$ cat work-v3.txt   # compact mmCIF, C-alpha atoms
# COMPACT_ATOMS: atom_id res chain seq x y z
CA MET A 1 -49.55 -75.19 -75.35
CA LYS A 2 -50.42 -75.07 -71.68
CA SER A 3 -53.95 -75.72 -70.63
CA PRO A 4 -55.98 -73.03 -68.86
CA SER A 5 -55.69 -74.90 -65.58
CA SER A 6 -51.91 -74.79 -65.74
CA TRP A 7 -51.95 -71.05 -66.41
CA ILE A 8 -54.24 -70.56 -63.41
CA TRP A 9 -51.73 -72.53 -61.24
CA VAL A 10 -48.81 -70.39 -62.42
CA PHE A 11 -50.80 -67.22 -61.75
CA LYS A 12 -51.63 -68.28 -58.18
CA LYS A 13 -48.01 -69.20 -57.55
CA LYS A 14 -46.84 -65.78 -58.71
CA ASN A 15 -49.45 -64.10 -56.55
CA SER A 16 -48.43 -66.07 -53.50
CA PHE A 17 -44.75 -65.21 -54.11
CA SER A 18 -45.51 -61.48 -54.45
CA ASP A 19 -47.64 -61.60 -51.30
CA GLY A 20 -44.69 -63.10 -49.41
CA VAL A 21 -42.33 -60.39 -50.62
CA GLN A 22 -44.80 -57.68 -49.71
CA GLY A 23 -45.29 -59.20 -46.27
CA LYS A 24 -41.57 -59.28 -45.59
CA SER A 25 -41.08 -55.69 -46.82
CA GLY A 26 -44.06 -54.51 -44.79
CA GLY A 27 -42.62 -56.05 -41.63
CA LEU A 28 -39.28 -54.40 -42.33
CA LYS A 29 -40.97 -51.05 -42.78
CA MET A 30 -42.82 -51.48 -39.48
CA LYS A 31 -39.55 -52.26 -37.72
CA GLN A 32 -37.93 -49.18 -39.28
CA LEU A 33 -40.84 -47.01 -38.23
CA SER A 34 -40.62 -48.35 -34.66
CA PHE A 35 -36.88 -47.70 -34.55
CA MET A 36 -37.34 -44.16 -35.85
CA GLY A 37 -40.01 -43.57 -33.23
CA VAL A 38 -37.63 -44.65 -30.48
CA VAL A 39 -34.85 -42.43 -31.86
CA CYS A 40 -37.18 -39.44 -32.06
CA THR A 41 -38.37 -40.04 -28.52
CA VAL A 42 -34.80 -40.21 -27.24
CA MET A 43 -33.84 -37.05 -29.11
CA LEU A 44 -36.88 -35.20 -27.79
CA PHE A 45 -35.96 -36.30 -24.25
CA ILE A 46 -32.36 -35.10 -24.73
CA VAL A 47 -33.56 -31.77 -26.11
CA TYR A 48 -35.96 -31.39 -23.19
CA ARG A 49 -33.30 -32.17 -20.58
CA THR A 50 -30.77 -29.85 -22.24
CA THR A 51 -33.26 -27.02 -22.45
CA ASN A 52 -34.32 -27.55 -18.87
CA TYR A 53 -30.68 -27.63 -17.70
CA GLN A 54 -29.90 -24.42 -19.59
CA TYR A 55 -32.95 -22.75 -18.09
CA GLN A 56 -31.97 -23.78 -14.56
CA ALA A 57 -28.41 -22.59 -15.19
CA TYR A 58 -29.77 -19.28 -16.42
CA LYS A 59 -31.90 -18.89 -13.30
CA VAL A 60 -28.91 -19.66 -11.08
CA THR A 61 -26.75 -17.18 -12.98
CA GLU A 62 -29.49 -14.58 -12.75
CA MET A 63 -29.73 -15.12 -9.00
CA GLU A 64 -25.96 -14.99 -8.59
CA GLU A 65 -25.86 -11.71 -10.47
CA LYS A 66 -28.46 -10.28 -8.12
CA LEU A 67 -26.61 -11.49 -5.04
CA HIS A 68 -23.14 -10.72 -6.35
CA PRO A 69 -23.35 -7.89 -8.91
CA PHE A 70 -19.58 -7.41 -8.89
CA ASN A 71 -19.13 -10.76 -10.66
CA GLN A 72 -20.67 -9.18 -13.75
CA GLU A 73 -18.34 -6.21 -13.39
CA ILE A 74 -15.33 -8.52 -13.24
CA LEU A 75 -16.53 -10.31 -16.38
CA VAL A 76 -16.98 -7.01 -18.19
CA ALA A 77 -13.56 -5.83 -17.00
CA SER A 78 -11.90 -8.99 -18.32
CA ARG A 79 -13.55 -8.49 -21.69
CA LYS A 80 -12.02 -5.04 -21.86
CA LEU A 81 -8.62 -6.75 -22.00
CA ASP A 82 -9.51 -8.84 -25.05
CA GLY A 83 -7.56 -6.45 -27.25
CA LEU A 84 -4.29 -7.36 -25.50
CA PRO A 85 -2.21 -10.52 -25.82
CA ARG A 86 -2.55 -12.36 -22.51
CA GLY A 87 1.17 -12.47 -21.76
CA ILE A 88 1.53 -8.67 -21.71
CA VAL A 89 -1.04 -8.11 -18.94
CA GLN A 90 0.48 -7.00 -15.62
CA ALA A 91 -2.29 -7.42 -13.05
CA ARG A 92 -0.23 -6.43 -10.02
CA SER A 93 2.00 -3.57 -9.02
CA ASP A 94 3.80 -2.32 -5.89
CA LEU A 95 4.84 0.87 -4.15
CA GLU A 96 8.54 0.65 -4.92
CA PRO A 97 10.01 3.71 -6.69
CA ARG A 98 11.83 3.00 -9.95
CA PRO A 99 14.85 5.05 -11.09
CA LEU A 100 14.62 7.26 -14.14
CA TRP A 101 17.92 5.76 -15.30
CA LEU A 102 19.96 2.76 -14.23
CA THR A 103 23.26 3.03 -12.42
CA SER A 104 25.59 0.26 -11.35
CA SER A 105 24.15 0.39 -7.83
CA LYS A 106 20.59 0.02 -9.11
CA LEU A 107 21.11 -2.87 -11.50
CA LYS A 108 20.33 -5.48 -8.84
CA VAL A 109 17.48 -4.54 -6.54
CA ASP A 110 16.00 -7.20 -4.28
CA TYR A 111 12.28 -6.68 -3.79
CA SER A 112 11.77 -9.93 -1.87
CA ASN A 113 11.19 -10.18 1.88
CA ARG A 114 9.90 -6.64 2.04
CA ASN A 115 7.34 -5.20 4.43
CA LEU A 116 5.22 -2.07 4.41
CA LEU A 117 4.69 0.64 7.02
CA ALA A 118 1.77 2.99 6.32
CA ILE A 119 0.93 5.89 8.65
CA ALA A 120 -1.58 8.71 8.45
CA VAL A 121 0.38 11.77 9.58
CA GLY A 122 0.10 15.46 10.39
CA ILE A 123 2.95 17.90 10.81
CA LYS A 124 2.23 18.27 14.54
CA GLN A 125 3.31 14.66 15.12
CA LYS A 126 6.46 14.97 13.03
CA ASP A 127 8.84 14.02 15.86
CA SER A 128 6.83 10.95 16.81
CA VAL A 129 6.62 9.79 13.18
CA ASP A 130 10.35 10.40 12.74
CA ASP A 131 11.08 8.07 15.67
CA ILE A 132 8.84 5.37 14.19
CA VAL A 133 10.29 5.53 10.68
CA GLN A 134 13.86 5.53 11.99
CA LYS A 135 13.10 2.14 13.56
CA PHE A 136 11.56 0.62 10.46
CA LEU A 137 13.71 1.72 7.52
CA PRO A 138 16.80 -0.37 8.44
CA GLU A 139 14.59 -3.50 8.53
CA ASN A 140 13.77 -3.54 4.79
CA PHE A 141 10.50 -1.61 5.08
CA THR A 142 8.84 0.57 2.50
CA VAL A 143 7.32 3.64 4.17
CA VAL A 144 4.13 5.36 3.02
CA LEU A 145 2.95 8.57 4.68
CA PHE A 146 -0.67 9.60 4.28
CA HIS A 147 -0.75 13.38 4.87
CA TYR A 148 -4.17 14.29 6.20
CA ASP A 149 -3.24 17.96 6.80
CA GLY A 150 -1.91 18.62 3.30
CA ASN A 151 1.54 19.62 4.61
CA VAL A 152 4.25 17.70 2.76
CA LYS A 153 6.83 20.46 2.48
CA GLY A 154 7.43 20.37 6.23
CA TRP A 155 8.87 16.84 6.02
CA TRP A 156 11.59 17.39 3.43
CA ASP A 157 14.25 18.26 6.02
CA LEU A 158 14.23 14.67 7.36
CA GLU A 159 16.98 12.50 5.85
CA TRP A 160 14.65 9.62 5.04
CA SER A 161 11.87 11.74 3.52
CA ASN A 162 13.01 11.14 -0.07
CA GLU A 163 12.85 7.39 0.54
CA ALA A 164 9.22 7.53 1.68
CA ILE A 165 6.14 7.73 -0.50
CA HIS A 166 3.95 10.74 0.27
CA ILE A 167 0.22 10.74 -0.47
CA VAL A 168 -1.89 13.81 0.28
CA ALA A 169 -5.61 14.17 0.93
CA ARG A 170 -6.84 16.68 3.47
CA ASN A 171 -8.94 15.59 6.47
CA GLN A 172 -8.99 11.87 5.63
CA THR A 173 -8.42 8.90 7.93
CA LYS A 174 -5.94 6.06 7.56
CA TRP A 175 -8.78 3.68 6.65
CA TRP A 176 -9.83 6.02 3.84
CA PHE A 177 -6.25 6.08 2.56
CA ALA A 178 -5.79 2.33 2.96
CA LYS A 179 -8.93 1.50 0.98
CA ARG A 180 -7.81 3.67 -1.93
CA PHE A 181 -4.04 3.18 -2.04
CA LEU A 182 -3.30 -0.23 -0.45
CA HIS A 183 -5.25 -2.51 -2.76
CA PRO A 184 -4.10 -6.15 -2.35
CA ASP A 185 -2.80 -6.24 -5.92
CA ILE A 186 -0.69 -3.16 -5.17
CA VAL A 187 0.86 -4.43 -1.93
CA SER A 188 1.17 -8.08 -2.92
CA ILE A 189 4.99 -8.14 -2.73
CA TYR A 190 4.99 -7.18 0.96
CA ASP A 191 4.98 -9.96 3.53
CA TYR A 192 3.47 -7.82 6.29
CA ILE A 193 1.54 -4.57 6.29
CA PHE A 194 1.79 -2.29 9.35
CA LEU A 195 -1.13 0.16 9.33
CA TRP A 196 -0.28 2.39 12.28
CA ASP A 197 -1.36 5.60 13.96
CA GLU A 198 1.11 8.43 14.31
CA ASP A 199 0.98 8.85 18.11
CA LEU A 200 2.90 5.71 19.12
CA GLY A 201 6.02 5.57 21.23
CA VAL A 202 8.49 2.95 19.98
CA ASP A 203 11.41 3.15 22.42
CA ASP A 204 10.84 -0.50 23.40
CA PHE A 205 9.91 -1.78 19.96
CA HIS A 206 12.07 -3.43 17.30
CA PRO A 207 10.29 -4.41 14.05
CA GLY A 208 12.76 -7.17 13.15
CA ARG A 209 12.38 -8.98 16.46
CA TYR A 210 8.64 -8.40 16.32
CA LEU A 211 8.30 -10.15 12.95
CA ASP A 212 10.43 -13.06 14.15
CA ILE A 213 7.89 -13.67 16.93
CA VAL A 214 4.91 -13.24 14.60
CA LYS A 215 6.28 -15.78 12.14
CA GLU A 216 7.20 -18.25 14.87
CA ALA A 217 3.75 -18.01 16.46
CA GLY A 218 1.91 -18.11 13.14
CA LEU A 219 0.05 -14.85 13.77
CA GLU A 220 -1.75 -13.64 10.65
CA ILE A 221 -3.09 -10.56 12.45
CA SER A 222 -1.27 -9.03 15.39
CA GLN A 223 -0.28 -5.89 17.26
CA PRO A 224 2.44 -4.92 19.72
CA ALA A 225 1.22 -4.83 23.30
CA LEU A 226 0.53 -1.48 24.95
CA HIS A 227 2.57 -0.28 27.89
CA PRO A 228 0.29 -0.11 30.97
CA ASN A 229 1.05 3.62 31.23
CA SER A 230 -0.44 4.31 27.81
CA SER A 231 -3.03 7.06 27.98
CA ASP A 232 -5.51 5.36 25.66
CA ILE A 233 -6.29 1.74 26.59
CA HIS A 234 -9.73 0.44 25.69
CA HIS A 235 -9.39 -3.35 25.99
CA ARG A 236 -7.53 -5.37 28.56
CA ILE A 237 -6.21 -7.84 25.98
CA THR A 238 -3.96 -5.17 24.43
CA VAL A 239 -2.06 -4.48 27.68
CA ARG A 240 1.44 -5.92 27.93
CA ALA A 241 1.99 -9.12 29.91
CA LYS A 242 5.53 -8.69 31.25
CA LYS A 243 6.37 -12.39 31.54
CA LYS A 244 5.19 -13.41 28.07
CA ARG A 245 6.54 -13.05 24.54
CA PHE A 246 3.01 -12.92 23.16
CA HIS A 247 -0.54 -13.84 24.15
CA ARG A 248 -3.72 -14.74 22.31
CA ARG A 249 -6.35 -14.24 25.01
CA VAL A 250 -7.00 -12.50 28.30
CA TYR A 251 -8.79 -13.53 31.47
CA ASP A 252 -10.52 -10.66 33.20
CA SER A 253 -13.64 -10.61 35.37
CA ARG A 254 -13.74 -6.83 35.62
CA GLY A 255 -15.91 -4.53 33.55
CA SER A 256 -18.99 -5.28 31.49
CA VAL A 257 -17.24 -7.94 29.38
CA LYS A 258 -16.22 -10.99 31.39
CA CYS A 259 -13.31 -12.85 29.77
CA THR A 260 -13.21 -16.45 31.00
CA GLU A 261 -11.98 -19.81 29.73
CA GLN A 262 -15.24 -20.18 27.82
CA SER A 263 -14.81 -16.87 25.95
CA GLN A 264 -14.27 -17.59 22.27
CA GLY A 265 -14.44 -14.15 20.64
CA PRO A 266 -13.42 -10.48 20.78
CA PRO A 267 -12.35 -8.68 22.85
CA CYS A 268 -11.28 -11.65 24.98
CA THR A 269 -9.52 -13.55 22.20
CA GLY A 270 -8.99 -13.23 18.45
CA PHE A 271 -8.75 -9.47 18.78
CA VAL A 272 -6.40 -6.56 18.05
CA GLU A 273 -7.25 -2.87 18.21
CA GLY A 274 -7.16 -0.41 15.35
CA MET A 275 -4.27 1.83 16.40
CA ALA A 276 -1.37 -0.48 15.46
CA PRO A 277 -2.56 -3.58 13.56
CA VAL A 278 -0.16 -5.77 11.59
CA PHE A 279 -1.44 -7.99 8.77
CA SER A 280 0.09 -10.81 6.80
CA ARG A 281 -0.33 -10.59 3.03
CA SER A 282 -3.25 -13.05 3.06
CA ALA A 283 -4.95 -11.43 6.03
CA TRP A 284 -4.69 -8.01 4.41
CA HIS A 285 -6.25 -9.32 1.21
CA CYS A 286 -9.32 -10.20 3.25
CA THR A 287 -9.23 -7.09 5.46
CA TRP A 288 -9.10 -4.71 2.50
CA HIS A 289 -12.39 -6.13 1.27
CA LEU A 290 -13.87 -5.82 4.76
CA ILE A 291 -13.05 -2.09 4.95
CA GLN A 292 -16.13 -0.14 3.86
CA ASN A 293 -15.58 2.47 1.19
CA ASP A 294 -17.72 5.13 2.83
CA LEU A 295 -17.20 4.35 6.55
CA VAL A 296 -13.88 6.07 7.13
CA HIS A 297 -13.41 5.88 10.90
CA GLY A 298 -13.23 2.09 11.09
CA TRP A 299 -15.38 1.69 14.19
CA GLY A 300 -16.52 -1.92 14.60
CA LEU A 301 -13.92 -3.19 12.18
CA ASP A 302 -11.65 -4.51 14.96
CA MET A 303 -14.39 -6.84 16.20
CA LYS A 304 -14.60 -8.52 12.78
CA LEU A 305 -10.90 -8.76 11.89
CA GLY A 306 -10.81 -12.32 13.23
CA TYR A 307 -12.82 -13.44 10.22
CA CYS A 308 -9.76 -12.53 8.12
CA ALA A 309 -7.32 -14.56 10.26
CA GLN A 310 -7.05 -17.29 7.59
CA GLY A 311 -8.25 -19.90 10.05
CA ASP A 312 -8.95 -20.06 13.77
CA ARG A 313 -8.87 -16.53 15.14
CA THR A 314 -8.10 -17.81 18.65
CA LYS A 315 -4.79 -19.10 17.27
CA ASN A 316 -3.94 -16.80 14.35
CA VAL A 317 -4.56 -13.47 16.10
CA GLY A 318 -2.35 -12.29 18.94
CA VAL A 319 -0.61 -9.52 20.86
CA VAL A 320 3.20 -9.43 21.09
CA ASP A 321 4.37 -8.57 24.62
CA SER A 322 8.16 -8.51 24.36
CA GLU A 323 8.03 -5.77 21.68
CA PHE A 324 5.63 -3.19 23.05
CA ILE A 325 4.64 0.40 22.36
CA VAL A 326 3.12 3.39 24.14
CA HIS A 327 -0.15 4.77 22.81
CA LYS A 328 -0.11 8.49 23.51
CA GLY A 329 -3.74 8.99 22.59
CA ILE A 330 -3.26 12.35 20.86
CA GLN A 331 -6.46 13.35 19.06
CA SER A 332 -5.14 15.32 16.10
CA LEU A 333 -7.52 14.65 13.21
CA GLY A 334 -10.32 17.19 13.29
CA GLY A 335 -8.88 19.23 16.13
CA GLY A 336 -6.83 22.42 16.34
CA ASP A 337 -5.67 23.62 12.93
CA MET A 338 -7.72 20.94 11.21
CA SER A 339 -10.91 22.79 12.15
CA GLU A 340 -9.72 25.94 10.45
CA ARG A 341 -9.93 26.98 6.81
CA MET A 342 -7.24 28.73 4.86
CA VAL A 343 -8.73 31.40 2.60
CA SER A 344 -6.43 32.91 -0.02
CA ASP A 345 -7.11 36.26 -1.63
CA SER A 346 -5.93 36.45 -5.26
CA LYS A 347 -5.40 40.22 -4.91
CA LYS A 348 -3.30 39.91 -1.77
CA SER A 349 -0.32 37.74 -0.96
CA SER A 350 -1.36 37.31 2.67
CA LYS A 351 -3.63 34.56 4.00
CA LYS A 352 -6.06 34.77 6.84
CA ARG A 353 -7.46 32.04 9.05
CA VAL A 354 -11.18 31.55 9.45
CA ALA A 355 -11.90 29.60 12.62
CA SER A 356 -14.54 26.94 12.65
CA ASN A 357 -17.68 27.59 14.63
CA HIS A 358 -17.91 24.06 15.96
CA ASP A 359 -15.75 21.51 17.75
CA GLY A 360 -14.35 19.15 15.11
CA ARG A 361 -13.55 16.39 17.61
CA THR A 362 -17.16 16.30 18.85
CA GLU A 363 -18.45 15.98 15.31
CA ILE A 364 -15.94 13.21 14.57
CA ARG A 365 -17.11 11.32 17.66
CA ARG A 366 -20.71 11.57 16.51
CA GLN A 367 -19.85 10.46 12.99
CA SER A 368 -17.84 7.53 14.33
CA THR A 369 -20.80 6.40 16.42
CA ARG A 370 -23.11 6.64 13.41
CA GLU A 371 -20.69 4.65 11.28
CA PHE A 372 -20.42 1.99 13.98
CA THR A 373 -24.20 1.51 13.86
CA VAL A 374 -24.22 1.38 10.06
CA PHE A 375 -21.38 -1.16 9.98
CA LYS A 376 -23.18 -3.49 12.39
CA GLU A 377 -26.37 -3.23 10.36
CA ARG A 378 -24.52 -4.02 7.14
CA TRP A 379 -22.84 -7.04 8.71
CA ASN A 380 -26.11 -8.43 10.03
CA ARG A 381 -27.86 -7.85 6.71
CA ALA A 382 -25.02 -9.52 4.77
CA VAL A 383 -25.19 -12.55 7.05
CA GLU A 384 -28.93 -12.87 6.50
CA GLU A 385 -28.77 -12.43 2.72
CA ASP A 386 -25.88 -14.84 2.12
CA THR A 387 -27.65 -18.12 2.77
CA LYS A 388 -24.54 -20.13 1.94
CA TRP A 389 -22.26 -18.34 4.41
CA ILE A 390 -21.81 -20.14 7.72
CA ASP A 391 -20.33 -18.34 10.71
CA PRO A 392 -17.36 -20.51 11.78
CA TYR A 393 -17.62 -19.21 15.34
CA LYS A 394 -21.32 -19.80 16.03
CA SER A 395 -22.35 -23.43 16.34
CA ASP A 396 -26.08 -22.59 16.44
CA GLN A 397 -25.90 -20.69 13.18
CA ARG A 398 -23.85 -23.45 11.56
CA ARG A 399 -26.52 -25.95 12.53
CA ARG A 400 -29.36 -23.76 11.22
CA LYS A 401 -27.60 -23.02 7.92
CA LYS A 402 -26.79 -26.68 7.31
CA GLN A 403 -30.40 -27.64 7.98
CA ARG A 404 -31.60 -24.90 5.62
CA LEU A 405 -29.28 -26.10 2.86
CA ARG A 406 -30.50 -29.68 3.27
CA ASN A 407 -34.14 -28.53 3.08
CA ASP A 408 -33.40 -26.51 -0.09
CA HIS A 409 -32.04 -29.62 -1.78
$ encode --input "work-v3.txt" --output "structure tokens"
Amino acid sequence: MKSPSSWIWVFKKKNSFSDGVQGKSGGLKMKQLSFMGVVCTVMLFIVYRTTNYQYQAYKVTEMEEKLHPFNQEILVASRKLDGLPRGIVQARSDLEPRPLWLTSSKLKVDYSNRNLLAIAVGIKQKDSVDDIVQKFLPENFTVVLFHYDGNVKGWWDLEWSNEAIHIVARNQTKWWFAKRFLHPDIVSIYDYIFLWDEDLGVDDFHPGRYLDIVKEAGLEISQPALHPNSSDIHHRITVRAKKKRFHRRVYDSRGSVKCTEQSQGPPCTGFVEGMAPVFSRSAWHCTWHLIQNDLVHGWGLDMKLGYCAQGDRTKNVGVVDSEFIVHKGIQSLGGGDMSERMVSDSKKSSKKRVASNHDGRTEIRRQSTREFTVFKERWNRAVEEDTKWIDPYKSDQRRRKKQRLRNDH
């Protein structure tokens, strides 16, 4: 039997052993607690950064929606297509008529390398329009007539009338028609869009040769030069230079606008007028968005077309001299019969004319001037509000915008 002293020694030994085990386990627990603390701290940091990033992204999105509300409309529009399988969606169309039934001659129709001629027309200029269309149809052009006087029946006697597309809206301008019926997704198959007035003489113009020059020169926006005898010439740059095939600028010290070697903008360079512009597919895509929905006369638009030149307007915008036209300057919209109203009596088969008490042309001039002022104000406001947009043709503004962007960051 062990003595009491030996039992005391065994008891102390056991206690010391248990104290060692507890010390080791306590240290392990402290290490585990420290590790868990580090993990929690890292997770909290990640959650904080993620939440902060999402909040900043939300603020940016909110700001973008305020600056560009149409982005939200596009998103909503795309969601409306969720019920369709993606492959069935046809986002684009064209203005080419399709036959009601196929014949052997219609089995193979080539829609490539096509161009579009669109003219706002009235029956009074029928002969002039006939001359224009006769030039264009043999050159693989699709013809669209915008009838601003409502008279379509008067065109059916022309041989080509059935080949043209007729759109009717009384007392509307070609810019009004173009905004509503020449959407870029509708005219995307056409290489060039000719948006012309009806009062143009084309005896010295050939569309095929014209396009050859435009393609060779790389002109995204162009117009045929005006014969010097044209009755309506507003800018010297549009007048034909007899010894040139085309030109991109003009030098002229006469008048209020001095065009010199230092001139870098309209109407000295990078400019075409609104009576006979020609757009490439890409340039038209931009121009269509520039056309204002409610400003129908297009005043001021010609001065900004260079921004749609898909590059340097001093190189990509030009006037073709060897294929020129005559601008007759006939003011038809709003004058003569257009200022009258046809009143039909249901009890009588006859119709009587009620003349207008005011001069329609004078009112159109006033409205054009008002629209010109509104367009300039909208442009200036858009430039101020879009802090990221930099005018490629104004070095001072480019410098200020770059400095502002650096300060914002």
$ closest_residue --input "work-v3.txt" --among "A:Arg86, A:Gly201, A:Gly150, A:Ala164" --to "A:Ile132" --atoms "all atoms listed in the file"
A:Gly201
$ atom_distance --input "work-v3.txt" --atom1 "atom CA of A:Leu200" --atom2 "atom CA of A:Ala118"
13.1 Å
$ closest_residue --input "work-v3.txt" --among "A:Arg248, A:Arg98, A:Lys304, A:His227" --to "A:Asp391" --atoms "all atoms listed in the file"
A:Lys304
$ atom_distance --input "work-v3.txt" --atom1 "atom CA of A:His235" --atom2 "atom CA of A:Ala276"
13.5 Å
$ closest_residue --input "work-v3.txt" --among "A:Lys215, A:Trp288, A:Gly270, A:Glu261" --to "A:Arg180" --atoms "all atoms listed in the file"
A:Trp288
$ closest_residue --input "work-v3.txt" --among "A:Val374, A:Leu95, A:Val42, A:Ala241" --to "A:Gln292" --atoms "all atoms listed in the file"
A:Val374
$ atom_distance --input "work-v3.txt" --atom1 "atom CA of A:Gln172" --atom2 "atom CA of A:Val187"
20.5 Å
$ closest_residue --input "work-v3.txt" --among "A:Ala283, A:Val250, A:Leu137, A:Met275" --to "A:Gly329" --atoms "all atoms listed in the file"
A:Met275
$ decode --input "work-v3.txt" --residues "stretch 155-168 of chain A" --atoms "N, CA and C atoms" --output "compact mmCIF listing (two decimals), in the first residue's frame"
# COMPACT_ATOMS: atom_id res chain seq x y z
N TRP A 155 -50.60 61.41 -110.80
CA TRP A 155 -49.29 60.87 -111.21
C TRP A 155 -49.41 59.52 -111.91
N TRP A 156 -50.58 58.92 -111.91
CA TRP A 156 -50.70 57.55 -112.40
C TRP A 156 -50.47 57.42 -113.91
N ASP A 157 -50.54 58.52 -114.65
CA ASP A 157 -50.34 58.42 -116.09
C ASP A 157 -48.87 58.30 -116.48
N LEU A 158 -47.95 58.51 -115.53
CA LEU A 158 -46.53 58.36 -115.81
C LEU A 158 -46.14 56.88 -115.78
N GLU A 159 -45.33 56.45 -116.73
CA GLU A 159 -45.00 55.03 -116.87
C GLU A 159 -44.35 54.46 -115.61
N TRP A 160 -43.54 55.25 -114.94
CA TRP A 160 -42.79 54.75 -113.79
C TRP A 160 -43.56 54.85 -112.48
N SER A 161 -44.76 55.43 -112.50
CA SER A 161 -45.47 55.72 -111.26
C SER A 161 -45.73 54.46 -110.43
N ASN A 162 -46.03 53.34 -111.09
CA ASN A 162 -46.29 52.10 -110.35
C ASN A 162 -45.04 51.56 -109.68
N GLU A 163 -43.86 51.97 -110.17
CA GLU A 163 -42.61 51.50 -109.56
C GLU A 163 -42.23 52.33 -108.34
N ALA A 164 -42.79 53.51 -108.22
CA ALA A 164 -42.47 54.39 -107.10
C ALA A 164 -43.35 54.08 -105.89
N ILE A 165 -42.89 54.52 -104.74
CA ILE A 165 -43.66 54.40 -103.50
C ILE A 165 -44.23 55.78 -103.20
N HIS A 166 -45.53 55.85 -102.99
CA HIS A 166 -46.22 57.12 -102.78
C HIS A 166 -46.70 57.22 -101.33
N ILE A 167 -46.29 58.30 -100.68
CA ILE A 167 -46.69 58.55 -99.30
C ILE A 167 -47.35 59.93 -99.25
N VAL A 168 -48.51 60.00 -98.61
CA VAL A 168 -49.31 61.23 -98.65
C VAL A 168 -49.50 61.80 -97.25
